[in-house]
Number of protein chains: 2
Amino acid sequence: MPAAAPRADNRLPLVLDAAARLFRERGYAVTSMRDIAADSGMLAGSLYYHFASKEDLLVAVYAEGVKRITAAVEEALRAPGEPWERLERVCAAHLSALLDDSDYGQVVIRVRPDDVPDVARRLAELRNGYERLFARAVDALPLARKADRRALRLMLLGALNWSQTWYRSGQDSPAAIARRFVRLLHGSTL
Amino acid sequence: MPAAAPRADNRLPLVLDAAARLFRERGYAVTSMRDIAADSGMLAGSLYYHFASKEDLLVAVYAEGVKRITAAVEEALRAPGEPWERLERVCAAHLSALLDDSDYGQVVIRVRPDDVPDVARRLAELRNGYERLFARAVDALPLARKADRRALRLMLLGALNWSQTWYRSGQDSPAAIARRFVRLLHGSTL
DNA sequence: TGGAAAACCTAACGCTTGTTAGGTATAGTC
DNA sequence: GACTATACCTAACAAGCGTTAGGTTTTCCA
(Lines give C-alpha, C1' and ligand atoms only; values in the text may rest on other atoms or scores of the structure.)
Protein backbone atom coordinates (compact mmCIF):
# COMPACT_ATOMS: atom_id res chain seq x y z
CA MET A 1 0.00 0.00 0.00
CA PRO A 2 1.16 3.59 -0.58
CA ALA A 3 2.94 5.16 2.32
CA ALA A 4 1.07 8.20 3.63
CA ALA A 5 3.80 9.69 5.75
CA PRO A 6 3.75 13.43 6.46
CA ARG A 7 6.92 15.32 5.93
CA ALA A 8 8.95 17.39 8.30
CA ASP A 9 8.93 20.55 6.22
CA ASN A 10 5.17 20.77 6.46
CA ARG A 11 4.18 24.39 7.04
CA LEU A 12 0.59 23.67 7.93
CA PRO A 13 1.07 24.72 11.57
CA LEU A 14 2.51 28.01 10.41
CA VAL A 15 -0.50 28.56 8.19
CA LEU A 16 -2.92 27.93 11.02
CA ASP A 17 -1.04 30.23 13.37
CA ALA A 18 -0.89 33.02 10.81
CA ALA A 19 -4.56 32.65 9.95
CA ALA A 20 -5.54 32.69 13.60
CA ARG A 21 -3.51 35.82 14.23
CA LEU A 22 -4.86 37.69 11.23
CA PHE A 23 -8.46 36.62 11.75
CA ARG A 24 -8.20 37.89 15.30
CA GLU A 25 -6.43 41.14 14.51
CA ARG A 26 -8.35 42.26 11.44
CA GLY A 27 -11.33 39.97 11.13
CA TYR A 28 -12.14 37.22 8.67
CA ALA A 29 -13.50 39.18 5.72
CA VAL A 30 -10.66 41.68 5.59
CA THR A 31 -7.93 39.05 5.75
CA SER A 32 -6.91 37.72 2.35
CA MET A 33 -5.43 34.38 1.48
CA ARG A 34 -2.37 36.25 0.26
CA ASP A 35 -1.94 37.85 3.67
CA ILE A 36 -2.03 34.48 5.36
CA ALA A 37 0.31 32.94 2.83
CA ALA A 38 2.82 35.77 3.12
CA ASP A 39 2.94 35.39 6.90
CA SER A 40 3.63 31.70 6.43
CA GLY A 41 6.38 32.24 3.87
CA MET A 42 4.26 30.78 1.12
CA LEU A 43 2.18 31.81 -1.86
CA ALA A 44 -1.58 32.08 -1.96
CA GLY A 45 -2.15 29.13 -4.24
CA SER A 46 -0.17 26.81 -1.99
CA LEU A 47 -2.72 27.13 0.78
CA TYR A 48 -5.12 25.09 -1.31
CA TYR A 49 -3.00 22.04 -0.82
CA HIS A 50 -4.09 22.07 2.82
CA PHE A 51 -7.55 23.60 2.58
CA ALA A 52 -10.20 23.47 -0.11
CA SER A 53 -11.33 27.02 0.56
CA LYS A 54 -10.86 30.04 2.76
CA GLU A 55 -13.91 29.04 4.70
CA ASP A 56 -12.48 25.63 5.45
CA LEU A 57 -9.39 27.30 6.80
CA LEU A 58 -11.56 29.37 9.10
CA VAL A 59 -13.37 26.27 10.32
CA ALA A 60 -10.05 24.65 11.17
CA VAL A 61 -8.90 27.67 13.16
CA TYR A 62 -12.28 28.03 14.84
CA ALA A 63 -12.36 24.37 15.83
CA GLU A 64 -8.91 24.62 17.33
CA GLY A 65 -10.05 27.65 19.29
CA VAL A 66 -13.07 25.86 20.70
CA LYS A 67 -10.85 22.91 21.55
CA ARG A 68 -8.49 25.06 23.58
CA ILE A 69 -11.20 26.89 25.47
CA THR A 70 -12.91 23.61 26.17
CA ALA A 71 -9.72 22.08 27.50
CA ALA A 72 -9.09 25.00 29.82
CA VAL A 73 -12.62 25.00 31.18
CA GLU A 74 -12.74 21.24 31.59
CA GLU A 75 -9.69 21.42 33.77
CA ALA A 76 -11.31 24.11 35.89
CA LEU A 77 -14.40 21.95 36.23
CA ARG A 78 -12.43 18.94 37.41
CA ALA A 79 -10.80 20.68 40.34
CA PRO A 80 -12.66 20.30 43.63
CA GLY A 81 -14.35 23.10 45.48
CA GLU A 82 -17.62 24.79 46.28
CA PRO A 83 -19.91 25.42 43.26
CA TRP A 84 -19.62 29.22 43.30
CA GLU A 85 -15.89 28.95 43.66
CA ARG A 86 -15.73 26.51 40.80
CA LEU A 87 -17.84 28.80 38.61
CA GLU A 88 -15.38 31.56 39.29
CA ARG A 89 -12.51 29.37 38.18
CA VAL A 90 -14.42 28.35 35.06
CA CYS A 91 -14.97 32.00 34.19
CA ALA A 92 -11.33 32.80 34.79
CA ALA A 93 -10.31 29.95 32.50
CA HIS A 94 -12.78 31.11 29.87
CA LEU A 95 -11.44 34.63 30.06
CA SER A 96 -7.83 33.53 29.90
CA ALA A 97 -8.45 31.51 26.78
CA LEU A 98 -10.28 34.50 25.37
CA LEU A 99 -7.97 37.33 26.20
CA ASP A 100 -4.49 36.11 26.93
CA ASP A 101 -3.65 32.65 25.83
CA SER A 102 -3.56 32.65 22.07
CA ASP A 103 -5.17 33.91 18.92
CA TYR A 104 -7.26 30.80 18.42
CA GLY A 105 -9.57 31.41 21.35
CA GLN A 106 -10.13 35.02 20.39
CA VAL A 107 -11.20 34.03 16.90
CA VAL A 108 -14.10 32.06 18.36
CA ILE A 109 -15.50 35.23 19.90
CA ARG A 110 -14.46 37.69 17.26
CA VAL A 111 -15.76 35.90 14.19
CA ARG A 112 -19.53 35.71 14.00
CA PRO A 113 -20.90 32.58 12.37
CA ASP A 114 -23.39 34.71 10.43
CA ASP A 115 -20.54 36.53 8.75
CA VAL A 116 -19.67 33.38 6.83
CA PRO A 117 -23.00 31.96 5.68
CA ASP A 118 -21.64 28.85 4.00
CA VAL A 119 -20.17 27.46 7.20
CA ALA A 120 -22.31 29.32 9.72
CA ARG A 121 -24.00 26.19 10.97
CA ARG A 122 -20.77 24.33 11.63
CA LEU A 123 -19.31 27.27 13.50
CA ALA A 124 -22.46 27.67 15.56
CA GLU A 125 -22.47 23.99 16.45
CA LEU A 126 -18.88 24.16 17.58
CA ARG A 127 -19.65 27.11 19.81
CA ASN A 128 -22.84 25.56 21.16
CA GLY A 129 -20.94 22.43 22.06
CA TYR A 130 -18.71 24.47 24.30
CA GLU A 131 -21.51 26.47 25.82
CA ARG A 132 -23.17 23.29 27.00
CA LEU A 133 -20.03 22.64 28.95
CA PHE A 134 -20.17 26.08 30.48
CA ALA A 135 -23.79 25.49 31.43
CA ARG A 136 -22.74 22.61 33.65
CA ALA A 137 -20.97 25.01 35.97
CA VAL A 138 -24.13 27.09 36.27
CA ASP A 139 -26.40 24.10 36.77
CA ALA A 140 -24.35 23.04 39.74
CA LEU A 141 -25.08 26.23 41.66
CA PRO A 142 -27.22 25.92 44.78
CA LEU A 143 -30.04 28.25 43.75
CA ALA A 144 -33.68 28.52 44.63
CA ARG A 145 -35.86 26.29 42.53
CA LYS A 146 -37.49 29.18 40.75
CA ALA A 147 -34.17 30.86 39.96
CA ASP A 148 -33.60 31.57 36.29
CA ARG A 149 -30.50 29.59 35.49
CA ARG A 150 -30.73 30.35 31.80
CA ALA A 151 -30.69 34.09 32.37
CA LEU A 152 -27.76 33.73 34.71
CA ARG A 153 -25.83 31.72 32.17
CA LEU A 154 -26.57 34.07 29.31
CA MET A 155 -25.74 37.11 31.35
CA LEU A 156 -22.45 35.76 32.60
CA LEU A 157 -21.32 34.37 29.28
CA GLY A 158 -22.28 37.55 27.48
CA ALA A 159 -20.44 39.73 29.94
CA LEU A 160 -17.34 37.55 29.62
CA ASN A 161 -17.38 37.45 25.84
CA TRP A 162 -17.95 41.16 25.49
CA SER A 163 -14.89 41.84 27.61
CA GLN A 164 -12.87 41.38 24.45
CA THR A 165 -14.13 44.83 23.52
CA TRP A 166 -12.80 46.77 26.48
CA TYR A 167 -10.06 44.56 27.86
CA ARG A 168 -6.54 45.91 27.69
CA SER A 169 -3.81 43.59 28.89
CA GLY A 170 -1.81 44.93 31.77
CA GLN A 171 -4.71 46.39 33.71
CA ASP A 172 -7.03 43.79 35.18
CA SER A 173 -6.16 40.13 35.02
CA PRO A 174 -8.73 37.66 33.71
CA ALA A 175 -8.87 36.10 37.16
CA ALA A 176 -9.67 39.45 38.76
CA ILE A 177 -12.41 40.19 36.25
CA ALA A 178 -13.93 36.76 36.74
CA ARG A 179 -13.95 37.22 40.50
CA ARG A 180 -15.69 40.57 40.30
CA PHE A 181 -18.31 39.38 37.87
CA VAL A 182 -19.16 36.22 39.77
CA ARG A 183 -19.36 38.08 43.06
CA LEU A 184 -21.73 40.60 41.56
CA LEU A 185 -24.05 37.67 40.89
CA HIS A 186 -23.35 35.91 44.14
CA GLY A 187 -24.48 39.07 45.84
CA SER A 188 -22.35 38.87 48.95
CA THR A 189 -21.00 42.40 48.87
CA LEU A 190 -23.90 44.33 47.39
CA MET B 1 -26.72 84.15 -3.49
CA PRO B 2 -27.31 80.73 -5.05
CA ALA B 3 -30.23 78.83 -3.64
CA ALA B 4 -29.11 75.66 -1.86
CA ALA B 5 -32.45 73.98 -1.64
CA PRO B 6 -32.64 70.19 -1.32
CA ARG B 7 -34.95 68.40 -3.67
CA ALA B 8 -37.91 66.17 -2.97
CA ASP B 9 -36.69 63.23 -5.03
CA ASN B 10 -33.64 62.86 -2.86
CA ARG B 11 -33.00 59.18 -2.20
CA LEU B 12 -30.49 59.72 0.57
CA PRO B 13 -32.87 58.34 3.22
CA LEU B 14 -33.32 55.21 1.14
CA VAL B 15 -29.59 54.81 0.89
CA LEU B 16 -29.13 55.10 4.64
CA ASP B 17 -31.91 52.61 5.33
CA ALA B 18 -30.54 50.11 2.84
CA ALA B 19 -27.02 50.46 4.18
CA ALA B 20 -28.20 50.03 7.75
CA ARG B 21 -30.14 46.92 6.84
CA LEU B 22 -27.30 45.32 4.91
CA PHE B 23 -24.60 46.24 7.41
CA ARG B 24 -26.71 44.64 10.10
CA GLU B 25 -27.65 41.53 8.16
CA ARG B 26 -24.34 40.67 6.54
CA GLY B 27 -21.76 42.91 8.13
CA TYR B 28 -19.82 45.86 6.81
CA ALA B 29 -17.01 44.18 4.91
CA VAL B 30 -19.23 41.78 3.01
CA THR B 31 -21.66 44.46 1.91
CA SER B 32 -20.69 46.16 -1.34
CA MET B 33 -21.58 49.60 -2.55
CA ARG B 34 -23.39 47.94 -5.43
CA ASP B 35 -25.58 46.01 -3.00
CA ILE B 36 -26.54 49.19 -1.21
CA ALA B 37 -27.17 51.03 -4.45
CA ALA B 38 -29.32 48.24 -5.86
CA ASP B 39 -31.51 48.22 -2.75
CA SER B 40 -31.97 51.96 -3.14
CA GLY B 41 -32.83 51.77 -6.81
CA MET B 42 -29.60 53.46 -7.79
CA LEU B 43 -26.20 52.67 -9.24
CA ALA B 44 -23.01 52.34 -7.30
CA GLY B 45 -21.39 55.49 -8.57
CA SER B 46 -24.35 57.60 -7.57
CA LEU B 47 -23.73 56.95 -3.91
CA TYR B 48 -20.65 59.13 -4.14
CA TYR B 49 -22.80 62.15 -4.60
CA HIS B 50 -23.88 61.74 -0.98
CA PHE B 51 -20.79 60.15 0.57
CA ALA B 52 -17.13 60.48 -0.21
CA SER B 53 -16.43 56.85 0.62
CA LYS B 54 -17.92 53.63 1.89
CA GLU B 55 -16.44 54.36 5.29
CA ASP B 56 -18.17 57.72 5.45
CA LEU B 57 -21.44 56.00 4.74
CA LEU B 58 -20.81 53.65 7.63
CA VAL B 59 -20.08 56.56 9.94
CA ALA B 60 -23.38 58.16 9.00
CA VAL B 61 -25.33 54.98 9.72
CA TYR B 62 -23.41 54.38 12.94
CA ALA B 63 -24.01 57.92 14.15
CA GLU B 64 -27.71 57.61 13.49
CA GLY B 65 -27.73 54.36 15.45
CA VAL B 66 -26.03 55.95 18.43
CA LYS B 67 -28.45 58.85 18.22
CA ARG B 68 -31.46 56.58 18.41
CA ILE B 69 -30.16 54.49 21.27
CA THR B 70 -29.22 57.66 23.12
CA ALA B 71 -32.68 59.13 22.62
CA ALA B 72 -34.39 56.00 23.92
CA VAL B 73 -32.16 55.77 26.98
CA GLU B 74 -32.41 59.47 27.77
CA GLU B 75 -36.15 59.15 27.87
CA ALA B 76 -35.87 56.22 30.24
CA LEU B 77 -33.55 58.26 32.43
CA ARG B 78 -35.95 61.18 32.64
CA ALA B 79 -38.85 59.21 34.00
CA PRO B 80 -39.10 59.19 37.79
CA GLY B 81 -38.60 56.19 40.00
CA GLU B 82 -36.25 54.36 42.30
CA PRO B 83 -32.67 53.97 40.96
CA TRP B 84 -32.82 50.20 40.46
CA GLU B 85 -36.14 50.53 38.75
CA ARG B 86 -34.79 53.23 36.51
CA LEU B 87 -31.75 51.13 35.63
CA GLU B 88 -34.10 48.37 34.59
CA ARG B 89 -35.97 50.75 32.32
CA VAL B 90 -32.69 52.01 30.86
CA CYS B 91 -31.65 48.46 30.09
CA ALA B 92 -34.99 47.70 28.51
CA ALA B 93 -34.67 50.78 26.31
CA HIS B 94 -31.13 49.82 25.38
CA LEU B 95 -32.25 46.33 24.45
CA SER B 96 -35.20 47.55 22.45
CA ALA B 97 -33.04 49.82 20.38
CA LEU B 98 -30.63 46.94 19.93
CA LEU B 99 -32.95 44.11 19.09
CA ASP B 100 -36.29 45.36 17.90
CA ASP B 101 -36.50 48.94 16.86
CA SER B 102 -34.51 49.27 13.69
CA ASP B 103 -31.38 48.30 11.85
CA TYR B 104 -29.48 51.39 12.89
CA GLY B 105 -29.14 50.44 16.52
CA GLN B 106 -28.00 46.93 15.67
CA VAL B 107 -25.25 48.24 13.46
CA VAL B 108 -23.69 49.97 16.45
CA ILE B 109 -23.25 46.65 18.19
CA ARG B 110 -22.61 44.49 15.19
CA VAL B 111 -19.87 46.53 13.52
CA ARG B 112 -16.64 46.62 15.44
CA PRO B 113 -14.69 49.85 15.16
CA ASP B 114 -11.47 47.87 14.69
CA ASP B 115 -12.87 46.30 11.56
CA VAL B 116 -12.65 49.66 9.80
CA PRO B 117 -9.29 51.10 10.79
CA ASP B 118 -9.61 54.39 8.97
CA VAL B 119 -12.64 55.49 10.96
CA ALA B 120 -12.17 53.33 14.03
CA ARG B 121 -11.54 56.28 16.32
CA ARG B 122 -14.66 58.15 15.29
CA LEU B 123 -16.82 55.09 15.75
CA ALA B 124 -15.30 54.39 19.14
CA GLU B 125 -15.90 57.96 20.25
CA LEU B 126 -19.52 57.78 19.21
CA ARG B 127 -19.99 54.60 21.19
CA ASN B 128 -18.12 55.93 24.21
CA GLY B 129 -20.30 58.99 24.22
CA TYR B 130 -23.32 56.81 24.65
CA GLU B 131 -21.74 54.59 27.26
CA ARG B 132 -21.11 57.60 29.45
CA LEU B 133 -24.82 58.15 29.41
CA PHE B 134 -25.45 54.56 30.43
CA ALA B 135 -22.95 54.95 33.25
CA ARG B 136 -25.12 57.62 34.82
CA ALA B 137 -27.80 55.06 35.53
CA VAL B 138 -25.26 52.88 37.30
CA ASP B 139 -23.72 55.73 39.26
CA ALA B 140 -27.11 56.56 40.71
CA LEU B 141 -27.45 53.19 42.39
CA PRO B 142 -27.38 53.09 46.20
CA LEU B 143 -24.39 50.80 46.63
CA ALA B 144 -21.85 50.30 49.37
CA ARG B 145 -18.92 52.67 49.07
CA LYS B 146 -16.49 49.93 48.17
CA ALA B 147 -18.78 48.46 45.51
CA ASP B 148 -17.22 48.14 42.08
CA ARG B 149 -19.44 50.28 39.90
CA ARG B 150 -17.20 49.89 36.88
CA ALA B 151 -17.44 46.12 36.97
CA LEU B 152 -21.17 46.32 37.34
CA ARG B 153 -21.45 48.64 34.38
CA LEU B 154 -19.19 46.54 32.17
CA MET B 155 -20.93 43.35 33.13
CA LEU B 156 -24.40 44.66 32.49
CA LEU B 157 -23.55 46.39 29.24
CA GLY B 158 -21.67 43.37 27.96
CA ALA B 159 -24.51 41.03 28.78
CA LEU B 160 -26.98 43.32 27.05
CA ASN B 161 -24.89 43.78 23.94
CA TRP B 162 -24.11 40.11 23.59
CA SER B 163 -27.80 39.33 23.62
CA GLN B 164 -27.78 40.12 19.92
CA THR B 165 -26.10 36.75 19.51
CA TRP B 166 -28.77 34.57 21.05
CA TYR B 167 -31.89 36.71 20.91
CA ARG B 168 -34.70 35.50 18.69
CA SER B 169 -37.70 37.76 18.42
CA GLY B 170 -40.90 36.18 19.62
CA GLN B 171 -39.49 34.47 22.66
CA ASP B 172 -38.45 36.83 25.42
CA SER B 173 -39.20 40.52 25.16
CA PRO B 174 -36.42 43.04 25.71
CA ALA B 175 -38.24 44.24 28.80
CA ALA B 176 -38.34 40.74 30.26
CA ILE B 177 -34.66 40.18 29.59
CA ALA B 178 -33.76 43.50 31.16
CA ARG B 179 -35.79 42.68 34.25
CA ARG B 180 -34.12 39.31 34.73
CA PHE B 181 -30.63 40.67 34.25
CA VAL B 182 -31.08 43.59 36.60
CA ARG B 183 -32.66 41.42 39.27
CA LEU B 184 -29.77 39.00 39.08
CA LEU B 185 -27.56 41.91 40.06
CA HIS B 186 -29.96 43.37 42.56
CA GLY B 187 -29.85 40.03 44.29
CA SER B 188 -33.29 40.03 45.79
CA THR B 189 -34.29 36.57 44.69
CA LEU B 190 -31.02 34.70 44.85
C1' DT C 1 -39.87 80.76 -18.49
C1' DG C 2 -35.10 80.80 -17.96
C1' DG C 3 -31.25 79.42 -15.40
C1' DA C 4 -28.74 76.92 -12.06
C1' DA C 5 -27.95 73.81 -8.80
C1' DA C 6 -29.21 69.13 -7.24
C1' DA C 7 -29.39 64.38 -8.08
C1' DC C 8 -28.34 60.82 -10.65
C1' DC C 9 -26.48 57.92 -14.76
C1' DT C 10 -22.86 56.05 -17.84
C1' DA C 11 -18.85 53.89 -18.42
C1' DA C 12 -14.90 52.73 -17.16
C1' DC C 13 -10.37 52.51 -14.41
C1' DG C 14 -7.03 49.98 -11.61
C1' DC C 15 -6.77 46.83 -8.19
C1' DT C 16 -7.63 42.87 -5.26
C1' DT C 17 -9.96 38.80 -4.48
C1' DG C 18 -10.57 33.51 -4.12
C1' DT C 19 -9.38 29.87 -6.83
C1' DT C 20 -7.22 26.58 -10.27
C1' DA C 21 -4.32 23.81 -13.62
C1' DG C 22 -0.11 22.22 -14.36
C1' DG C 23 4.68 21.93 -13.29
C1' DT C 24 8.70 21.08 -9.78
C1' DA C 25 11.58 19.91 -5.98
C1' DT C 26 12.05 17.54 -1.78
C1' DA C 27 11.75 13.95 1.54
C1' DG C 28 10.93 9.33 3.02
C1' DT C 29 10.45 4.28 1.76
C1' DC C 30 11.94 -0.07 -0.31
C1' DG D 1 19.50 4.57 -5.50
C1' DA D 2 15.01 4.39 -7.97
C1' DC D 3 10.38 5.65 -6.92
C1' DT D 4 6.40 7.92 -5.18
C1' DA D 5 3.62 10.68 -2.64
C1' DT D 6 4.22 15.09 -0.33
C1' DA D 7 4.47 19.88 -0.29
C1' DC D 8 4.93 23.68 -2.67
C1' DC D 9 5.58 27.10 -6.77
C1' DT D 10 4.21 29.41 -11.14
C1' DA D 11 1.11 31.79 -13.61
C1' DA D 12 -2.97 33.00 -14.60
C1' DC D 13 -8.17 33.27 -14.63
C1' DA D 14 -12.71 35.51 -14.01
C1' DA D 15 -15.17 38.15 -11.02
C1' DG D 16 -15.90 41.63 -7.93
C1' DC D 17 -14.31 45.64 -5.47
C1' DG D 18 -14.21 50.92 -4.35
C1' DT D 19 -13.89 54.84 -6.85
C1' DT D 20 -13.95 58.59 -10.52
C1' DA D 21 -14.64 61.80 -14.57
C1' DG D 22 -17.85 63.57 -17.33
C1' DG D 23 -22.43 63.80 -19.16
C1' DT D 24 -27.71 64.01 -18.39
C1' DT D 25 -31.98 64.80 -16.35
C1' DT D 26 -34.87 66.72 -13.01
C1' DT D 27 -36.50 69.97 -9.72
C1' DC D 28 -36.75 74.30 -7.66
C1' DC D 29 -36.57 79.41 -7.47
C1' DA D 30 -36.76 83.98 -9.36
# chains A, B, ... in the order shown; residues from 1 in each chain; ligands from 1
call {"tool": "interface_residues", "arguments": {"of": "chain D", "to": "chain B", "cutoff": "10 Å", "atoms": "only C-alpha atoms (C1' of nucleotides)", "output": "PyMOL selection string"}}
result
chain D and resi 16-20+26-29
call {"tool": "interface_residues", "arguments": {"of": "chain B", "to": "chain A", "cutoff": "8 Å", "atoms": "only C-alpha atoms", "output": "count of residues only"}}
result
31
call {"tool": "select_by_dssp", "arguments": {"residues": "region 19-74 of chain A", "states": "helix (DSSP H, G or I)", "output": "PyMOL selection string"}}
result
chain A and resi 19-26+33-39+44-49+54-74
call {"tool": "closest_residue", "arguments": {"among": "C:DC8, C:DT1, C:DT16, C:DA21", "to": "chain B", "atoms": "only C-alpha atoms (C1' of nucleotides)"}}
result
C:DC8
call {"tool": "residues_around", "arguments": {"residues": "region 88-103 of chain B", "least_positions_apart": "3", "cutoff": "7 Å", "atoms": "only C-alpha atoms (C1' of nucleotides)", "output": "list of chain:residue names"}}
result
B:Ala20, B:Arg21, B:Arg24, B:Ile69, B:Ala72, B:Val73, B:Ala76, B:Leu77, B:Trp84, B:Glu85, B:Gln106, B:Val107, B:Leu160, B:Gln164, B:Pro174, B:Ala175, B:Ala178, B:Arg179, B:Val182
call {"tool": "closest_atom_pairs", "arguments": {"of": "chain C", "to": "chain A", "cutoff": "12 Å", "atoms": "only C-alpha atoms (C1' of nucleotides)", "output": "tab-separated table"}}
result
residue	atom	partner	partner_atom	distance
C:DT16	C1'	A:Ser32	CA	9.2
C:DT17	C1'	A:Ser32	CA	7.6
C:DG18	C1'	A:Met33	CA	7.6
C:DT19	C1'	A:Gly45	CA	7.7
C:DT20	C1'	A:Gly45	CA	8.3
C:DA21	C1'	A:Gly45	CA	11.0
C:DT26	C1'	A:Asp9	CA	9.1
C:DA27	C1'	A:Arg7	CA	6.7
C:DG28	C1'	A:Ala5	CA	7.6
C:DT29	C1'	A:Ala3	CA	7.6
C:DC30	C1'	A:Ala3	CA	10.7
call {"tool": "atom_distance", "arguments": {"atom1": "CA of Arg121 (chain A)", "atom2": "CA of Leu47 (chain A)"}}
result
23.6 Å
